[in-house]
Structures are given as C-alpha cells and as structure tokens.
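Coordinates as given in input.tsv (TSV, C-alpha atoms and all ligand atoms):
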```
chain	number	residue	atom	x	y	z
A	489	MET	CA	0.00	0.00	0.00
A	490	GLU	CA	1.48	3.32	-1.11
A	491	GLN	CA	1.17	5.86	1.72
A	492	THR	CA	2.36	9.38	2.29
A	493	VAL	CA	5.14	9.91	4.83
A	494	LYS	CA	5.34	13.70	4.64
A	495	SER	CA	3.27	15.53	7.25
A	496	LEU	CA	0.35	17.26	5.53
A	497	ARG	CA	-2.45	19.62	6.52
A	498	ILE	CA	-5.64	17.75	5.63
A	499	LEU	CA	-9.27	18.89	5.53
A	500	VAL	CA	-11.87	16.27	6.51
A	501	THR	CA	-15.51	17.24	6.02
A	502	GLY	CA	-18.13	15.24	7.90
A	503	GLY	CA	-15.36	14.89	10.47
A	504	ALA	CA	-17.66	14.37	13.44
A	505	GLY	CA	-19.38	11.43	11.77
A	506	PHE	CA	-18.69	7.73	12.09
A	507	LEU	CA	-16.19	7.39	9.25
A	508	GLY	CA	-14.89	10.95	9.52
A	509	SER	CA	-13.95	10.64	13.18
A	510	ASN	CA	-12.20	7.31	12.57
A	511	LEU	CA	-10.36	8.78	9.55
A	512	ILE	CA	-9.24	11.80	11.59
A	513	GLU	CA	-7.89	9.52	14.32
A	514	TYR	CA	-5.92	7.58	11.70
A	515	LEU	CA	-4.51	10.69	9.99
A	516	LEU	CA	-3.43	12.22	13.30
A	517	ALA	CA	-1.72	8.94	14.21
A	518	GLN	CA	0.17	9.18	10.90
A	519	GLY	CA	1.54	12.56	12.00
A	520	HIS	CA	-0.67	14.83	9.88
A	521	GLU	CA	-2.39	18.03	10.90
A	522	VAL	CA	-6.16	17.82	10.47
A	523	VAL	CA	-8.90	20.41	10.06
A	524	GLY	CA	-12.29	18.84	10.72
A	525	ILE	CA	-15.53	20.33	9.43
A	526	ASP	CA	-19.06	19.30	10.32
A	527	ASN	CA	-22.42	20.98	10.79
A	528	PHE	CA	-23.46	18.39	13.41
A	529	GLU	CA	-26.57	17.73	11.36
A	530	ASN	CA	-26.52	14.01	12.00
A	531	VAL	CA	-24.24	13.43	14.97
A	532	SER	CA	-23.51	14.99	18.31
A	533	PRO	CA	-20.23	16.90	18.92
A	534	GLN	CA	-19.27	14.22	21.49
A	535	ASN	CA	-18.00	12.07	18.64
A	536	LEU	CA	-14.96	14.35	18.53
A	537	ASP	CA	-14.27	14.30	22.29
A	538	TYR	CA	-11.37	11.88	21.85
A	539	VAL	CA	-9.39	14.28	19.61
A	540	ALA	CA	-10.73	17.65	20.76
A	541	ASP	CA	-7.54	18.56	22.63
A	542	HIS	CA	-5.10	17.07	20.12
A	543	PRO	CA	-2.43	19.69	19.27
A	544	ARG	CA	-2.60	18.91	15.52
A	545	PHE	CA	-6.42	19.01	15.31
A	546	ASN	CA	-8.63	22.00	14.58
A	547	PHE	CA	-12.38	21.97	14.16
A	548	VAL	CA	-14.76	24.37	12.43
A	549	LYS	CA	-18.53	24.03	12.66
A	550	HIS	CA	-19.66	24.70	9.12
A	551	ASP	CA	-22.16	23.52	6.51
A	552	ILE	CA	-20.48	22.63	3.21
A	553	GLN	CA	-23.50	24.08	1.39
A	554	SER	CA	-21.74	27.42	2.04
A	555	PRO	CA	-18.31	28.24	0.54
A	556	LEU	CA	-15.20	27.29	2.49
A	557	ASP	CA	-12.94	30.22	1.61
A	558	PHE	CA	-12.03	30.65	5.30
A	559	VAL	CA	-9.99	27.43	5.29
A	560	GLY	CA	-6.26	28.18	5.62
A	561	GLU	CA	-3.50	26.40	3.77
A	562	ILE	CA	-4.32	22.72	3.08
A	563	ASP	CA	-2.74	19.91	1.06
A	564	GLN	CA	-5.62	17.43	0.66
A	565	ILE	CA	-9.41	17.28	1.07
A	566	TYR	CA	-11.48	14.25	2.11
A	567	ASN	CA	-15.18	14.93	1.60
A	568	LEU	CA	-17.31	12.75	3.88
A	569	ALA	CA	-20.01	15.29	4.70
A	570	CYS	CA	-23.44	13.89	3.89
A	571	PRO	CA	-26.26	12.33	5.87
A	572	ALA	CA	-25.57	8.63	5.32
A	573	SER	CA	-28.42	6.56	6.75
A	574	PRO	CA	-31.93	6.41	5.26
A	575	ILE	CA	-33.44	7.88	8.45
A	576	GLN	CA	-31.03	10.84	8.32
A	577	TYR	CA	-31.00	11.54	4.60
A	578	GLN	CA	-34.79	11.31	4.30
A	579	LYS	CA	-35.39	13.83	7.12
A	580	ASN	CA	-34.58	16.74	4.81
A	581	PRO	CA	-34.19	15.30	1.30
A	582	VAL	CA	-33.79	18.73	-0.34
A	583	SER	CA	-30.89	19.51	1.95
A	584	THR	CA	-29.39	16.07	1.26
A	585	LEU	CA	-29.39	16.85	-2.46
A	586	ARG	CA	-27.94	20.31	-1.83
A	587	THR	CA	-25.14	18.81	0.25
A	588	CYS	CA	-24.40	16.39	-2.58
A	589	PHE	CA	-24.44	19.04	-5.30
A	590	ILE	CA	-23.79	22.52	-3.87
A	591	GLY	CA	-21.61	21.14	-1.06
A	592	VAL	CA	-19.47	19.06	-3.42
A	593	ASP	CA	-19.31	22.01	-5.83
A	594	ASN	CA	-17.94	24.19	-3.01
A	595	LEU	CA	-15.29	21.58	-2.18
A	596	LEU	CA	-14.28	21.08	-5.81
A	597	ASN	CA	-13.98	24.86	-6.12
A	598	LEU	CA	-11.76	24.87	-3.05
A	599	ALA	CA	-9.60	22.10	-4.52
A	600	GLN	CA	-9.39	23.99	-7.81
A	601	SER	CA	-8.45	27.32	-6.23
A	602	ARG	CA	-5.75	25.65	-4.10
A	603	GLY	CA	-4.55	23.27	-6.81
A	604	ILE	CA	-4.89	20.27	-4.45
A	605	ARG	CA	-6.24	16.74	-4.55
A	606	ILE	CA	-9.74	15.88	-3.31
A	607	LEU	CA	-11.16	12.48	-2.39
A	608	HIS	CA	-14.94	12.31	-2.50
A	609	THR	CA	-16.80	9.52	-0.70
A	610	SER	CA	-19.45	8.04	-2.95
A	611	THR	CA	-21.42	4.93	-2.14
A	612	SER	CA	-22.51	1.49	-3.30
A	613	GLU	CA	-26.00	3.04	-3.43
A	614	VAL	CA	-25.07	4.44	-6.86
A	615	TYR	CA	-25.63	0.83	-8.06
A	616	GLY	CA	-29.21	0.91	-6.67
A	617	ASP	CA	-30.91	-2.49	-6.76
A	618	PRO	CA	-28.26	-4.08	-8.98
A	619	HIS	CA	-28.93	-6.49	-11.82
A	620	ILE	CA	-25.48	-7.98	-11.49
A	621	ASN	CA	-23.71	-9.32	-8.44
A	622	PRO	CA	-20.95	-8.58	-7.45
A	623	GLN	CA	-20.88	-4.98	-8.70
A	624	PRO	CA	-17.78	-3.82	-10.62
A	625	GLU	CA	-17.07	-0.09	-11.06
A	626	SER	CA	-18.08	-0.40	-14.72
A	627	TYR	CA	-21.71	-1.23	-13.79
A	628	TRP	CA	-23.98	1.81	-14.26
A	629	GLY	CA	-26.57	0.77	-11.71
A	630	ASN	CA	-30.32	0.45	-11.38
A	631	VAL	CA	-31.51	3.45	-9.39
A	632	ASN	CA	-35.01	4.85	-8.94
A	633	PRO	CA	-34.72	8.63	-9.57
A	634	PHE	CA	-38.16	9.36	-8.08
A	635	GLY	CA	-38.52	7.72	-4.71
A	636	PRO	CA	-37.69	8.03	-1.00
A	637	ARG	CA	-34.04	6.99	-1.45
A	638	SER	CA	-33.38	9.03	-4.59
A	639	CYS	CA	-32.21	12.15	-2.69
A	640	TYR	CA	-29.20	10.13	-1.53
A	641	ASP	CA	-28.69	7.69	-4.42
A	642	GLU	CA	-29.11	10.29	-7.15
A	643	GLY	CA	-27.36	12.92	-5.02
A	644	LYS	CA	-24.30	10.70	-4.85
A	645	ARG	CA	-24.53	10.02	-8.58
A	646	VAL	CA	-24.67	13.70	-9.46
A	647	ALA	CA	-21.73	14.31	-7.12
A	648	GLU	CA	-19.70	11.77	-9.11
A	649	ALA	CA	-20.77	13.49	-12.33
A	650	LEU	CA	-19.65	16.83	-10.88
A	651	CYS	CA	-16.25	15.37	-9.96
A	652	TYR	CA	-15.91	14.08	-13.51
A	653	ALA	CA	-16.90	17.48	-14.97
A	654	TYR	CA	-14.36	19.33	-12.80
A	655	ARG	CA	-11.65	16.87	-13.75
A	656	GLU	CA	-12.38	17.25	-17.47
A	657	GLN	CA	-13.01	21.00	-17.49
A	658	HIS	CA	-10.60	22.22	-14.82
A	659	GLY	CA	-8.08	19.39	-14.49
A	660	ILE	CA	-8.88	18.77	-10.82
A	661	ASP	CA	-7.04	15.85	-9.25
A	662	ILE	CA	-9.96	13.74	-7.96
A	663	ARG	CA	-10.36	10.42	-6.19
A	664	ILE	CA	-13.78	8.79	-5.80
A	665	ALA	CA	-14.34	5.97	-3.30
A	666	ARG	CA	-17.57	3.99	-3.66
A	667	ILE	CA	-17.88	2.78	-0.10
A	668	PHE	CA	-19.90	-0.35	0.69
A	669	ASN	CA	-21.64	-0.96	4.06
A	670	THR	CA	-19.14	-0.11	6.75
A	671	TYR	CA	-19.59	-0.61	10.48
A	672	GLY	CA	-17.62	-0.22	13.70
A	673	PRO	CA	-17.14	1.94	16.77
A	674	ARG	CA	-18.73	5.43	16.73
A	675	MET	CA	-21.48	4.45	14.33
A	676	SER	CA	-24.71	5.76	15.77
A	677	SER	CA	-27.05	3.07	17.01
A	678	SER	CA	-30.16	5.16	16.41
A	679	ASP	CA	-29.88	6.10	12.74
A	680	GLY	CA	-31.27	2.82	11.51
A	681	ARG	CA	-28.12	1.34	9.99
A	682	VAL	CA	-28.36	-2.39	10.28
A	683	VAL	CA	-25.24	-3.45	12.21
A	684	SER	CA	-25.43	-0.87	14.99
A	685	SER	CA	-29.23	-1.18	15.22
A	686	PHE	CA	-28.96	-4.94	15.68
A	687	ILE	CA	-26.20	-4.62	18.27
A	688	ALA	CA	-28.05	-1.95	20.26
A	689	ALA	CA	-31.27	-3.96	20.25
A	690	ALA	CA	-29.54	-7.19	21.31
A	691	LEU	CA	-27.72	-5.39	24.15
A	692	GLU	CA	-30.97	-3.81	25.33
A	693	GLY	CA	-32.74	-7.18	25.27
A	694	LYS	CA	-35.11	-6.06	22.50
A	695	GLU	CA	-36.25	-8.00	19.45
A	696	LEU	CA	-34.04	-7.73	16.35
A	697	GLU	CA	-36.25	-6.40	13.58
A	698	ILE	CA	-35.44	-7.50	10.04
A	699	THR	CA	-37.25	-5.60	7.30
A	700	GLY	CA	-38.19	-8.16	4.65
A	701	ASP	CA	-37.63	-11.90	4.84
A	702	GLY	CA	-33.91	-11.71	5.70
A	703	THR	CA	-32.68	-13.11	2.39
A	704	SER	CA	-31.32	-9.75	1.14
A	705	THR	CA	-27.54	-9.76	1.13
A	706	ARG	CA	-24.94	-7.20	2.16
A	707	SER	CA	-21.16	-7.17	2.50
A	708	PHE	CA	-19.94	-5.67	5.73
A	709	GLN	CA	-16.64	-3.83	5.94
A	710	TYR	CA	-14.97	-3.03	9.27
A	711	VAL	CA	-14.14	0.64	9.69
A	712	THR	CA	-10.34	0.28	9.88
A	713	ASP	CA	-10.31	-1.52	6.52
A	714	CYS	CA	-12.37	1.30	5.02
A	715	VAL	CA	-10.15	4.05	6.43
A	716	GLU	CA	-7.00	2.31	5.17
A	717	GLY	CA	-8.64	1.95	1.74
A	718	LEU	CA	-9.55	5.65	1.62
A	719	VAL	CA	-6.06	6.76	2.60
A	720	ALA	CA	-4.46	4.36	0.11
A	721	LEU	CA	-6.72	5.65	-2.67
A	722	MET	CA	-6.02	9.28	-1.80
A	723	ASN	CA	-2.28	8.69	-1.96
A	724	SER	CA	-2.32	6.54	-5.09
A	725	ASP	CA	-1.91	7.77	-8.66
A	726	TYR	CA	-5.33	6.41	-9.66
A	727	ASN	CA	-7.67	9.16	-10.87
A	728	ASN	CA	-9.32	7.35	-13.79
A	729	GLY	CA	-12.67	6.99	-12.03
A	730	PRO	CA	-14.53	5.62	-9.00
A	731	MET	CA	-13.11	2.73	-6.99
A	732	ASN	CA	-15.07	0.27	-4.84
A	733	ILE	CA	-13.92	0.13	-1.23
A	734	GLY	CA	-15.67	-2.68	0.59
A	735	ASN	CA	-15.48	-6.21	1.88
A	736	ASP	CA	-16.42	-8.77	-0.75
A	737	GLU	CA	-17.72	-11.45	1.64
A	738	GLU	CA	-21.49	-11.60	1.32
A	739	PHE	CA	-23.97	-12.38	4.12
A	740	THR	CA	-27.75	-12.43	4.30
A	741	ILE	CA	-29.35	-10.05	6.78
A	742	GLN	CA	-30.71	-13.13	8.56
A	743	GLN	CA	-27.15	-14.47	8.99
A	744	LEU	CA	-25.97	-11.10	10.32
A	745	ALA	CA	-28.81	-11.01	12.86
A	746	GLU	CA	-28.05	-14.54	14.05
A	747	ILE	CA	-24.32	-13.81	14.45
A	748	VAL	CA	-25.03	-10.61	16.44
A	749	VAL	CA	-27.47	-12.45	18.73
A	750	GLU	CA	-24.95	-15.26	19.31
A	751	LEU	CA	-22.02	-12.88	20.00
A	752	VAL	CA	-24.01	-10.70	22.41
A	753	VAL	CA	-25.04	-13.80	24.41
A	754	GLU	CA	-21.40	-15.00	24.42
A	755	MET	CA	-19.94	-11.58	25.41
A	756	THR	CA	-22.52	-10.49	28.00
A	757	GLY	CA	-24.25	-13.63	29.26
A	758	LYS	CA	-27.56	-11.88	28.55
A	759	PRO	CA	-30.52	-13.97	27.39
A	760	LYS	CA	-30.88	-14.60	23.67
A	761	VAL	CA	-33.24	-12.13	21.97
A	762	THR	CA	-35.67	-13.13	19.24
A	763	ILE	CA	-35.45	-12.13	15.58
A	764	VAL	CA	-38.67	-10.85	13.98
A	765	HIS	CA	-39.55	-9.83	10.42
A	766	ARG	CA	-41.25	-6.58	9.37
A	767	PRO	CA	-42.52	-5.47	5.92
A	768	PRO	CA	-39.74	-4.68	3.42
A	769	VAL	CA	-38.55	-1.10	2.88
A	770	VAL	CA	-39.29	0.64	-0.46
A	771	ASP	CA	-36.44	0.35	-3.00
A	772	ASP	CA	-34.17	-1.53	-0.57
A	773	PRO	CA	-31.58	-3.40	-2.68
A	774	THR	CA	-31.87	-7.19	-2.63
A	775	VAL	CA	-28.18	-7.93	-3.16
A	776	ARG	CA	-25.04	-5.92	-2.54
A	777	ARG	CA	-21.46	-7.08	-2.89
A	778	PRO	CA	-18.46	-5.20	-4.25
A	779	GLN	CA	-16.06	-6.43	-6.84
A	780	ILE	CA	-12.77	-5.14	-5.39
A	781	THR	CA	-10.29	-6.35	-7.98
A	782	LEU	CA	-9.45	-2.76	-8.93
A	783	ALA	CA	-8.61	-1.73	-5.35
A	784	ARG	CA	-6.69	-4.98	-4.70
A	785	GLU	CA	-4.56	-4.56	-7.81
A	786	THR	CA	-4.15	-0.77	-7.86
A	787	LEU	CA	-3.74	-0.04	-4.16
A	788	ARG	CA	-2.50	-3.44	-3.04
A	789	TRP	CA	-5.16	-3.01	-0.37
A	790	ARG	CA	-7.60	-5.63	0.85
A	791	PRO	CA	-10.02	-5.90	3.75
A	792	THR	CA	-8.48	-7.91	6.57
A	793	VAL	CA	-11.04	-7.87	9.40
A	794	GLN	CA	-13.45	-10.83	9.40
A	795	LEU	CA	-17.11	-10.16	10.21
A	796	ARG	CA	-17.10	-11.91	13.60
A	797	GLU	CA	-13.91	-10.14	14.68
A	798	GLY	CA	-15.24	-6.71	13.64
A	799	LEU	CA	-18.59	-7.37	15.30
A	800	ARG	CA	-16.87	-8.34	18.56
A	801	LYS	CA	-14.96	-5.03	18.57
A	802	THR	CA	-18.10	-3.08	17.76
A	803	ILE	CA	-20.18	-4.84	20.43
A	804	GLN	CA	-17.39	-4.20	22.94
A	805	TRP	CA	-17.46	-0.49	22.06
A	806	HIS	CA	-21.24	-0.35	22.53
A	807	ILE	CA	-20.87	-2.07	25.92
A	808	GLU	CA	-18.24	0.50	26.95
A	809	GLN	CA	-20.61	3.31	25.91
A	810	GLY	CA	-23.16	1.86	28.31
A	811	GLY	CA	-25.64	1.66	25.47
A	812	ILE	CA	-25.52	5.45	25.01
A	813	SER	CA	-26.11	6.44	21.42
A	814	ARG	CA	-24.20	9.42	20.14
A	815	ALA	CA	-26.64	10.19	17.37
A	816	LYS	CA	-28.94	13.17	17.39
A	901	LIG	P1	-22.28	9.89	9.38
A	901	LIG	O1	-23.71	10.31	9.29
A	901	LIG	O2	-21.84	9.25	10.65
A	901	LIG	O3	-21.34	11.12	9.06
A	901	LIG	C1	-21.65	12.10	8.12
A	901	LIG	C2	-21.29	13.45	8.75
A	901	LIG	O4	-21.52	14.49	7.80
A	901	LIG	C3	-22.14	13.77	9.99
A	901	LIG	O5	-21.29	14.08	11.07
A	901	LIG	C4	-22.97	14.97	9.56
A	901	LIG	O6	-23.26	15.84	10.64
A	901	LIG	C5	-22.07	15.59	8.50
A	901	LIG	N1	-22.80	16.41	7.52
A	901	LIG	C6	-23.93	16.10	6.85
A	901	LIG	N2	-24.26	17.11	6.01
A	901	LIG	C7	-23.31	18.07	6.17
A	901	LIG	C8	-23.11	19.35	5.59
A	901	LIG	N3	-23.95	19.85	4.67
A	901	LIG	N4	-22.03	20.08	5.98
A	901	LIG	C9	-21.18	19.61	6.92
A	901	LIG	N5	-21.33	18.40	7.51
A	901	LIG	C10	-22.38	17.64	7.13
A	901	LIG	O7	-22.00	8.92	8.13
A	901	LIG	P2	-20.71	8.04	7.79
A	901	LIG	O8	-21.11	6.63	7.82
A	901	LIG	O9	-19.55	8.48	8.59
A	901	LIG	O10	-20.50	8.44	6.26
A	901	LIG	C11	-19.48	9.33	5.83
A	901	LIG	C12	-19.51	9.43	4.31
A	901	LIG	O11	-19.28	8.13	3.74
A	901	LIG	C13	-20.85	9.91	3.76
A	901	LIG	O12	-20.63	10.77	2.67
A	901	LIG	C14	-21.52	8.64	3.28
A	901	LIG	O13	-22.40	8.88	2.22
A	901	LIG	C15	-20.33	7.80	2.85
A	901	LIG	N6	-20.63	6.36	2.94
A	901	LIG	C16	-20.69	5.72	4.14
A	901	LIG	C17	-20.99	4.37	4.17
A	901	LIG	C18	-21.07	3.59	5.46
A	901	LIG	O14	-21.39	2.39	5.41
A	901	LIG	N7	-20.75	4.15	6.60
A	901	LIG	C19	-21.24	3.67	2.97
A	901	LIG	C20	-21.19	4.38	1.79
A	901	LIG	C21	-20.86	5.72	1.76
```

When written as structure tokens, how does the structure in this file appear?
Amino acid sequence: MEQTVKSLRILVTGGAGFLGSNLIEYLLAQGHEVVGIDNFENVSPQNLDYVADHPRFNFVKHDIQSPLDFVGEIDQIYNLACPASPIQYQKNPVSTLRTCFIGVDNLLNLAQSRGIRILHTSTSEVYGDPHINPQPESYWGNVNPFGPRSCYDEGKRVAEALCYAYREQHGIDIRIARIFNTYGPRMSSSDGRVVSSFIAAALEGKELEITGDGTSTRSFQYVTDCVEGLVALMNSDYNNGPMNIGNDEEFTIQQLAEIVVELVVEMTGKPKVTIVHRPPVVDDPTVRRPQITLARETLRWRPTVQLREGLRKTIQWHIEQGGISRAK
C-alpha cells in the first residue's frame, strides 16, 4: 500500500461522523495536521471528544453548502459530509441533495483554487438495486430517480458526475471511493443502519427487527479496513474513475442477525433475543457485494477484518458506551 510519509495539513468534512472521526484519528496517528468540518446535522459533537484537545487538530462548525474560503493552507481534502443513513438523509431530502451538489461544488472549487487533490466519498447506493452481483465499477446501476431513497442515491450520482466534470473542465485531481456498508465503533445506534441497530437492540434485550424476509444480502466492511482503503486511494496515482472500497464477503441479513445475537449472548451472558420480520422497505436493494479487484490490484489493499472479529470489537465499544447512542 502506497502511503504518504510527509506531514500534511488535511481537511476532513463530515469529520464528526462515524467514518470521519475514525479517519481523523488515523490521519493524526500518521503525523498529519487535520482540520475537521461538520455541521453536526446528523451526529452529536461528542463524537470528537477523543481528539478535541489534540495539538494537531482543529475543528470548524460549518455547513459545506456554504463556501469554504475561510480554510487556511491545506494539502488534501477528504469529503465525507453527507447524511448517510436512510433515516437521516430522508429527514430533509432537499438539503441532502444540496449537500451532494452545492456542497461538493464548493469543495471542488476549493480544490481547484488551491490546486490540491480531493477524495470524494461516494457509495454502493449508486448501483441501486443491482442487476449484477458482485458490482464492478463499470456497472452503471439500477436506481429509482423518483422515490424516497433518490435524494441520496441520485445525489451521490450527481456528485460523481460533478467530480468528472471538474476533472475534465478544470483538471482537478480527484479520487472517488464507492464505499460499501461499513460498520464499527462510533457508528450511531439510532440512525437505523443495520449493524449498529442490531447490536443496540440485542444489548438492550429487544427483538431484532429484520425488514423483509432476511434473504437480502450485504457485504460488511470493518471501519479500519475502510479508512486504510480511503487513505491508500487518496495517496495513489489512480484518478481514472470511481473505486469500490468494501469487503467482498457476502452475508444475508438473517445471517448477520443470528451472528449478532450469538455474540451478544457470548460476550454479556444476557438472554438470547428473538429475531422478527417486518414489511420490506421501499427500494431496498436485494443484493449488494463489491467487486474489489481494482482496489486490490491498484492499491495493493484488501479488507483484513473478518465479520465476527469486527462485530466483537463493535459490540465491545457499545458495551463501553453503556448503550448510550451518540446520534442526534
Ligand atoms: P455519518 O452520518 O456518521 O457522518 C456524516 C457526517 O456528515 C455527519 O457528522 C454529519 O453531521 C455531517 N454532515 C452532513 N451534512 C453536512 C453538511 N452539509 N455540511 C457539513 N457536515 C455535514 O455517516 P458516515 O457513515 O460516517 O458516512 C461518511 C460518508 O461516507 C458519507 O458521505 C456517506 O455517504 C459515505 N458512505 C458511508 C458508508 C457507510 O457504510 N458508513 C457507505 C457508503 C458511503
């Protein structure tokens, strides 16, 4: 994995979020200086408690829908700012689209004016409910442009198109990571994302609710693998187009639920909770698995954390939080 050794000043938007806060921790550990930006739309400021006093960390509360001219000298931009769970991005779908278009436009402008590289975090949701499995980067997707999820799915697609346009028209040095389901410590347990919701419910002794019959599949990537993939992509020479960053092991939602229930019993001695099924969610993809050949070959990166190992770490973190959710 090619990685930078020089100390840089790096801007991370969405820095108070699940992935952003883990990325900031990693970049600081590498010796970089980090400027974090977040509007705290979807998370509480407590997510940054662990780095708040770090001498190489600065934070600015700001919405990327407004220009970022105030940012001092920087060498790289990671854009992670965007509501990421269906509950969060559907609360204010117009704002979600604005963050994806106007916000990304502001960041690309910043990259252009400074002549620096920007990595934008896209998503597996650009593939929608895919007709092919696994999904390679060359697949154009099957997305509903007029539905409850379209503010996010189409927002992320237009953001990719904007990155492409800036690269072609202005020669901006862009990286696009299409991230697949990622989980781990600091992911809010109340924003409806499946892994943290299951863990929180099992720890609270509540039923695990599966929407649909449980046969839908997902591939779950542990957060450290994702962060290492993002940093490797940022520091690689690859700017030809989007790159999948995910774990290519596929599980059904039913399997995930059963593993979480089993691990929580094993780690806490609490009684086993039951798994129940609710009606399916509109436009929820039935399969989801990344083809990661491009990342493996280009970055010499690969996910290394197995699902059970990552779930243990995540459950342990939830136990240490005393079940307190840090979401808004
Ligand atoms: P998150 O909700 O924990 O973090 C997103 C952060 O962005 C939040 O702290 C939120 O307050 C902030 N934000 C939202 N709109 C903003 C705005 N207009 N200006 C400034 N800050 C804003 O989500 P996450 O899981 O950490 O996701 C980070 C990025 O990665 C997102 O862009 C998301 O789409 C992408 N992604 C995540 C996953 C995943 O599985 N976690 C998968 C695919 C893509």

With 4 Å added on each side, what axis-aligned box encloses every listed atom of ligand LIG 901 (chain A)? Give the centre and edge lengths in Å to one decimal, as JSON.
```
{"center_x": -21.8, "center_y": 11.2, "center_z": 6.4, "size_x": 13.0, "size_y": 25.7, "size_z": 17.3}
```

Give me the chain A side of the contact with ligand LIG 901 (chain A), cut-off 7 Å, one line per residue showing its nearest atom pair and distance in Å at one decimal, counting only C-alpha atoms and all ligand atoms, sorted by chain and residue number, as a tab-separated table.
```
residue	atom	partner	partner_atom	distance
A:Thr501	CA	A:LIG901	N5	6.1
A:Gly502	CA	A:LIG901	O4	3.5
A:Gly503	CA	A:LIG901	O5	6.0
A:Ala504	CA	A:LIG901	O5	4.3
A:Gly505	CA	A:LIG901	O5	3.3
A:Phe506	CA	A:LIG901	O9	3.7
A:Leu507	CA	A:LIG901	O9	3.6
A:Gly508	CA	A:LIG901	O9	5.4
A:Ile525	CA	A:LIG901	C9	6.2
A:Asp526	CA	A:LIG901	N5	3.7
A:Asn527	CA	A:LIG901	C9	4.3
A:Phe528	CA	A:LIG901	O6	3.8
A:Glu529	CA	A:LIG901	O6	3.9
A:Asn530	CA	A:LIG901	O6	4.0
A:Val531	CA	A:LIG901	O5	4.9
A:His550	CA	A:LIG901	C9	5.7
A:Asp551	CA	A:LIG901	N4	3.5
A:Ile552	CA	A:LIG901	N4	4.1
A:Gln553	CA	A:LIG901	N3	5.4
A:Asn567	CA	A:LIG901	O12	6.9
A:Leu568	CA	A:LIG901	C12	4.0
A:Ala569	CA	A:LIG901	O4	3.5
A:Cys570	CA	A:LIG901	C6	3.7
A:Pro571	CA	A:LIG901	C6	4.5
A:Ala572	CA	A:LIG901	O13	4.4
A:Ser573	CA	A:LIG901	O1	6.5
A:Thr587	CA	A:LIG901	N3	4.7
A:Gly591	CA	A:LIG901	N3	6.3
A:Thr609	CA	A:LIG901	O12	5.3
A:Ser610	CA	A:LIG901	C21	5.4
A:Thr611	CA	A:LIG901	C20	4.0
A:Ser612	CA	A:LIG901	C20	6.0
A:Arg666	CA	A:LIG901	C20	6.6
A:Ile667	CA	A:LIG901	C20	4.1
A:Phe668	CA	A:LIG901	C19	4.8
A:Asn669	CA	A:LIG901	O14	3.6
A:Thr670	CA	A:LIG901	O14	3.6
A:Tyr671	CA	A:LIG901	O14	6.2
A:Met675	CA	A:LIG901	O2	6.1
A:Ser676	CA	A:LIG901	O2	6.8
```

How many Å separate atom CA of A:Asp537 from atom CA of A:Asp679? 20.1 Å

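Counting from atom CA of A:Ser495, the distance to atom CA of A:Val522 is 10.2 Å.
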
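The spacing separating atom CA of A:Thr705 from atom CA of A:Arg776 amounts to 5.9 Å.
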
Once you count only C-alpha atoms, which residues end up no further than 8 Å from (-25.2, -10.5, 2.6) in the file's frame, shown as a PyMOL selection string? chain A and resi 703-708+737-741+743-744+775-777

Residue selection dump (C-alpha atoms) as a CSV table (one decimal), in the frame of the given file:
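Result file again-v2.csv:
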```
chain,number,residue,atom,x,y,z
A,703,THR,CA,-32.7,-13.1,2.4
A,704,SER,CA,-31.3,-9.8,1.1
A,705,THR,CA,-27.5,-9.8,1.1
A,706,ARG,CA,-24.9,-7.2,2.2
A,707,SER,CA,-21.2,-7.2,2.5
A,708,PHE,CA,-19.9,-5.7,5.7
A,737,GLU,CA,-17.7,-11.4,1.6
A,738,GLU,CA,-21.5,-11.6,1.3
A,739,PHE,CA,-24.0,-12.4,4.1
A,740,THR,CA,-27.8,-12.4,4.3
A,741,ILE,CA,-29.4,-10.0,6.8
A,743,GLN,CA,-27.2,-14.5,9.0
A,744,LEU,CA,-26.0,-11.1,10.3
A,775,VAL,CA,-28.2,-7.9,-3.2
A,776,ARG,CA,-25.0,-5.9,-2.5
A,777,ARG,CA,-21.5,-7.1,-2.9
```

Which protein, DNA or RNA residues have an atom at most 10 Å from (-33.9, 1.6, 15.2), counting only C-alpha atoms? List them as number ranges by chain. A: 575, 677-682, 684-686, 688-689, 696-697

Tell me which protein, DNA and RNA residues are within 9 Å of stretch 749-763 of chain A, counting all atoms listed in the file, leaving out same-chain ones fewer than 6 positions away, and put them as a count of residues only. 18

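The nearest approach to A:Cys639 among the residues A:Ile590, A:Ile565, A:Val539, A:Val582, with only C-alpha atoms taken into account, belongs to A:Val582.
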
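For the set A:Arg674, A:His608, A:Gln564, A:Pro768, the residue with the smallest atom-to-atom gap to A:Pro533 is A:Arg674, counting all atoms listed in the file.
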
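For the residues A:Tyr577, A:Pro555, A:Glu613, A:Thr712, ranking by smallest atom-to-atom distance to A:Glu513 using only C-alpha atoms places A:Thr712 first.
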
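Each of A:Leu718, A:Ser509, A:Asp713, A:Gln794 was compared to A:Gln534 using only C-alpha atoms, and A:Ser509 turns out to be the nearest.
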
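The residue that comes closest to A:Thr699, out of A:Val770, A:Leu596, A:Ile604, A:Ala540 and on the basis of all atoms listed in the file, is A:Val770.
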
Considering only C-alpha atoms, return as a PDB file with C-alpha atoms, in the frame of the given file whatever protein or nucleic-acid residues lie within 10 Å of A:Asn727, sequence-local ones (same chain, fewer than 3 positions apart) excluded.
```
ATOM      1  CA  ARG A 605      -6.240  16.740  -4.550  1.00  0.00           C
ATOM      2  CA  LEU A 607     -11.160  12.480  -2.390  1.00  0.00           C
ATOM      3  CA  TYR A 652     -15.910  14.080 -13.510  1.00  0.00           C
ATOM      4  CA  ARG A 655     -11.650  16.870 -13.750  1.00  0.00           C
ATOM      5  CA  ILE A 660      -8.880  18.770 -10.820  1.00  0.00           C
ATOM      6  CA  ASP A 661      -7.040  15.850  -9.250  1.00  0.00           C
ATOM      7  CA  ILE A 662      -9.960  13.740  -7.960  1.00  0.00           C
ATOM      8  CA  ARG A 663     -10.360  10.420  -6.190  1.00  0.00           C
ATOM      9  CA  ILE A 664     -13.780   8.790  -5.800  1.00  0.00           C
ATOM     10  CA  LEU A 721      -6.720   5.650  -2.670  1.00  0.00           C
ATOM     11  CA  MET A 722      -6.020   9.280  -1.800  1.00  0.00           C
ATOM     12  CA  SER A 724      -2.320   6.540  -5.090  1.00  0.00           C
ATOM     13  CA  PRO A 730     -14.530   5.620  -9.000  1.00  0.00           C
ATOM     14  CA  MET A 731     -13.110   2.730  -6.990  1.00  0.00           C
TER      15      MET A 731
END
```

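Closest approach to A:Tyr566 from the set A:Gln657, A:Gln809, A:Asn723, A:Asn630 is made by A:Asn723, with distances taken over all atoms listed in the file.
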